[in-house]
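Undergrad: I am sharing structure.pdb, which consists of PDB, C-alpha atoms, pLDDT in the B column:
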ATOM      1  CA  MET J   1      72.324-213.268 -64.508  1.00 50.00           C
ATOM      2  CA  LEU J   2      70.677-210.579 -62.373  1.00 50.00           C
ATOM      3  CA  GLU J   3      66.952-210.173 -62.661  1.00 55.00           C
ATOM      4  CA  GLU J   4      65.492-206.664 -63.011  1.00 58.00           C
ATOM      5  CA  VAL J   5      63.244-205.864 -60.035  1.00 59.00           C
ATOM      6  CA  ASP J   6      60.345-203.429 -60.290  1.00 66.00           C
ATOM      7  CA  TRP J   7      60.733-201.451 -57.039  1.00 70.00           C
ATOM      8  CA  HIS J   8      57.731-199.800 -55.425  1.00 75.00           C
ATOM      9  CA  SER J   9      57.474-196.036 -55.236  1.00 78.00           C
ATOM     10  CA  PHE J  10      57.606-194.140 -51.955  1.00 81.00           C
ATOM     11  CA  GLU J  11      53.877-193.439 -52.288  1.00 83.00           C
ATOM     12  CA  ALA J  12      53.091-197.123 -52.824  1.00 84.00           C
ATOM     13  CA  ILE J  13      55.185-198.152 -49.815  1.00 87.00           C
ATOM     14  CA  LEU J  14      53.536-195.534 -47.592  1.00 89.00           C
ATOM     15  CA  GLN J  15      50.060-196.557 -48.744  1.00 88.00           C
ATOM     16  CA  ARG J  16      50.805-200.249 -48.195  1.00 91.00           C
ATOM     17  CA  LEU J  17      52.076-199.603 -44.666  1.00 92.00           C
ATOM     18  CA  HIS J  18      48.900-197.680 -43.857  1.00 91.00           C
ATOM     19  CA  GLN J  19      46.752-200.489 -45.280  1.00 93.00           C
ATOM     20  CA  GLU J  20      48.611-202.899 -42.984  1.00 95.00           C
ATOM     21  CA  GLY J  21      47.843-200.683 -39.973  1.00 95.00           C
ATOM     22  CA  ILE J  22      51.346-199.209 -39.689  1.00 94.00           C
ATOM     23  CA  TYR J  23      50.660-195.499 -39.571  1.00 91.00           C
ATOM     24  CA  LEU J  24      54.013-193.856 -40.166  1.00 90.00           C
ATOM     25  CA  HIS J  25      54.124-190.190 -41.002  1.00 91.00           C
ATOM     26  CA  PRO J  26      55.772-189.612 -44.414  1.00 90.00           C
ATOM     27  CA  ASP J  27      58.615-187.738 -42.648  1.00 91.00           C
ATOM     28  CA  GLN J  28      59.399-190.885 -40.657  1.00 93.00           C
ATOM     29  CA  LEU J  29      59.516-193.072 -43.744  1.00 92.00           C
ATOM     30  CA  ALA J  30      61.623-190.502 -45.598  1.00 91.00           C
ATOM     31  CA  SER J  31      64.048-190.361 -42.663  1.00 93.00           C
ATOM     32  CA  PHE J  32      64.277-194.173 -42.710  1.00 93.00           C
ATOM     33  CA  PHE J  33      65.054-194.148 -46.437  1.00 91.00           C
ATOM     34  CA  LEU J  34      67.759-191.534 -45.938  1.00 92.00           C
ATOM     35  CA  MET J  35      69.349-193.473 -43.061  1.00 93.00           C
ATOM     36  CA  HIS J  36      69.806-196.313 -45.536  1.00 91.00           C
ATOM     37  CA  GLY J  37      71.133-194.088 -48.322  1.00 89.00           C
ATOM     38  CA  LEU J  38      68.028-194.379 -50.500  1.00 87.00           C
ATOM     39  CA  PRO J  39      66.611-191.497 -52.553  1.00 86.00           C
ATOM     40  CA  VAL J  40      63.281-189.965 -51.656  1.00 85.00           C
ATOM     41  CA  ASP J  41      60.970-187.255 -52.975  1.00 82.00           C
ATOM     42  CA  LEU J  42      62.117-184.053 -51.261  1.00 85.00           C
ATOM     43  CA  ARG J  43      58.580-182.988 -50.315  1.00 84.00           C
ATOM     44  CA  TYR J  44      58.593-185.704 -47.633  1.00 85.00           C
ATOM     45  CA  VAL J  45      61.939-184.813 -46.114  1.00 88.00           C
ATOM     46  CA  PRO J  46      62.046-182.796 -42.879  1.00 88.00           C
ATOM     47  CA  ALA J  47      63.849-179.458 -43.187  1.00 92.00           C
ATOM     48  CA  HIS J  48      66.863-180.570 -41.141  1.00 93.00           C
ATOM     49  CA  LEU J  49      67.506-183.461 -43.577  1.00 93.00           C
ATOM     50  CA  GLN J  50      67.005-181.599 -46.876  1.00 92.00           C
ATOM     51  CA  LEU J  51      70.736-181.143 -47.572  1.00 95.00           C
ATOM     52  CA  ARG J  52      71.478-184.828 -46.971  1.00 93.00           C
ATOM     53  CA  ALA J  53      68.488-185.848 -49.104  1.00 90.00           C
ATOM     54  CA  ARG J  54      69.604-183.671 -52.004  1.00 90.00           C
ATOM     55  CA  SER J  55      73.083-185.185 -51.829  1.00 91.00           C
ATOM     56  CA  ILE J  56      71.727-188.755 -51.793  1.00 89.00           C
ATOM     57  CA  ASN J  57      69.308-188.033 -54.638  1.00 85.00           C
ATOM     58  CA  GLU J  58      72.030-186.479 -56.798  1.00 85.00           C
ATOM     59  CA  ASN J  59      74.572-189.237 -56.181  1.00 86.00           C
ATOM     60  CA  TYR J  60      72.395-192.353 -55.929  1.00 79.00           C
ATOM     61  CA  GLN J  61      73.767-195.061 -58.201  1.00 74.00           C
ATOM     62  CA  GLY J  62      72.014-198.080 -56.779  1.00 66.00           C
ATOM     63  CA  ASN J  63      69.114-200.021 -58.132  1.00 62.00           C
ATOM     64  CA  MET J  64      67.278-200.714 -54.869  1.00 56.00           C
ATOM     65  CA  ALA J  65      64.890-197.765 -55.049  1.00 55.00           C
ATOM     66  CA  ARG J  66      62.747-196.012 -57.548  1.00 55.00           C
ATOM     67  CA  MET J  67      63.458-192.296 -57.840  1.00 57.00           C
ATOM     68  CA  GLU J  68      60.473-190.209 -58.762  1.00 60.00           C
ATOM     69  CA  VAL J  69      58.988-186.813 -58.111  1.00 59.00           C
ATOM     70  CA  LEU J  70      55.216-186.756 -58.288  1.00 58.00           C
ATOM     71  CA  LYS J  71      53.324-183.820 -59.702  1.00 64.00           C
ATOM     72  CA  GLN J  72      49.975-184.692 -58.112  1.00 65.00           C
ATOM     73  CA  PRO J  73      49.196-184.353 -54.390  1.00 65.00           C
ATOM     74  CA  SER J  74      50.618-187.107 -52.255  1.00 66.00           C
ATOM     75  CA  TYR J  75      48.618-190.104 -51.107  1.00 64.00           C
ATOM     76  CA  TYR J  76      49.122-189.006 -47.503  1.00 63.00           C
ATOM     77  CA  ILE J  77      47.815-185.462 -48.025  1.00 62.00           C
ATOM     78  CA  ALA J  78      44.815-186.781 -49.980  1.00 62.00           C
ATOM     79  CA  SER J  79      44.013-189.258 -47.190  1.00 65.00           C
ATOM     80  CA  LEU J  80      43.758-186.443 -44.636  1.00 58.00           C
ATOM     81  CA  ASN J  81      40.938-184.727 -46.535  1.00 56.00           C
TER
END
Just give me the structure as structure tokens.
TA:
Amino acid sequence: MLEEVDWHSFEAILQRLHQEGIYLHPDQLASFFLMHGLPVDLRYVPAHLQLRARSINENYQGNMARMEVLKQPSYYIASLN
């Protein structure tokens, strides 16, 4: 029997990396997600990868990522202020 896993959001992963001293730009993390076929909030995706990201988001059928679109400002943007 497979156990349901509560996957972390993109924001939570980015924040955790920063807390650990790994200062990736959100574009870099988004690009990494896309290289592995994982969905990501489009606001983090560089312009040249938007088409690929939309395709992955629309067709993602896996259960290894949490798809979400946040309405509030991102953690990264808030941390710059």
Undergrad: Considering all atoms listed in the file, state which residue in the set J:Arg16, J:Asp41, J:Leu51, J:Pro46 is at the smallest distance from Gln28 in chain J.
TA: J:Pro46
Undergrad: Evaluate the PyMOL selection byres ((chain J and resi 52) around 12) against this structure - the residues, as a PyMOL selection string, please.
TA: chain J and resi 30-31+33-40+42+45-51+53-60
Undergrad: One decimal, in Å: what's the spacing between CA of Glu11 in chain J and CA of Phe32 in chain J?
TA: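 Interatomic distance here is 14.2 Å.
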Undergrad: Rounded to one decimal in Å, what is the spacing between CA of Ser9 in chain J and CA of Arg43 in chain J?
TA: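 Computing the Euclidean distance for CA of Ser9 in chain J and CA of Arg43 in chain J yields 14.0 Å.
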Undergrad: Quick one, how far is CA of His8 in chain J from CA of Leu29 in chain J?
TA: 13.6 Å
